[in-house]
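Student: First, the structure itself, so that you have it in front of you.
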Amino acid sequence: VDDGAEEYSDDAATTGVNDEATLKLIVVAVGRLPESQRVAVTLRLQGCTAREISQLTQWSTGKSESAVKRGMRALRQELEKLGLNYEIQ
C-alpha cells in the first residue's frame, strides 16, 4: 500500500518535522497558498534566505521578503483551519 510516505520524507528533513501526520498537514496547507507565497515559503522552509530566494526566482529582495512574510502568515492561518497550531520559524 502506497501511503505517500516517501513523498514527505525529504520535506521532513528540511523542515525538522518528525511527525508524519503534521508534515502532511503542512504540505496540504502550503499547497493552498497563492503561487508566489507557495514558492517563497517552500524555499524558506528549505533554509533559503530572502536574498537567495530573490536570486532563485529573479524577484527583488523586497518582493521575496514580502512573499515570505505574507506566505508564513497565510500558512499559519491555513494550519489553524486544519486544526494544527504549529509555529514554523
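Order determines the names: the first chain of the C-alpha cells is A, the second B, and so forth; residues in each chain are numbered 1 upward, and ligands are numbered 1 upward as they are shown.
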Can you pull out the residues contacting range 31-40 of chain A? Cut-off 10 Å, using only C-alpha atoms, and skip same-chain residues under 2 positions away; I want them as a ChimeraX atom specification.
Tutor: /A:25-29,42-46,48-50,53-54,56-57,63-75,78
Student: Just to confirm, what's the straight-line distance from CA of Arg76 in chain A to CA of Trp59 in chain A in Å (one decimal)?
Tutor: 23.6 Å
Student: Work out how far apart CA of Leu79 in chain A and CA of Thr61 in chain A are and give it in Å to one decimal.
Tutor: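 That distance, rounded to one decimal, is 26.4 Å.
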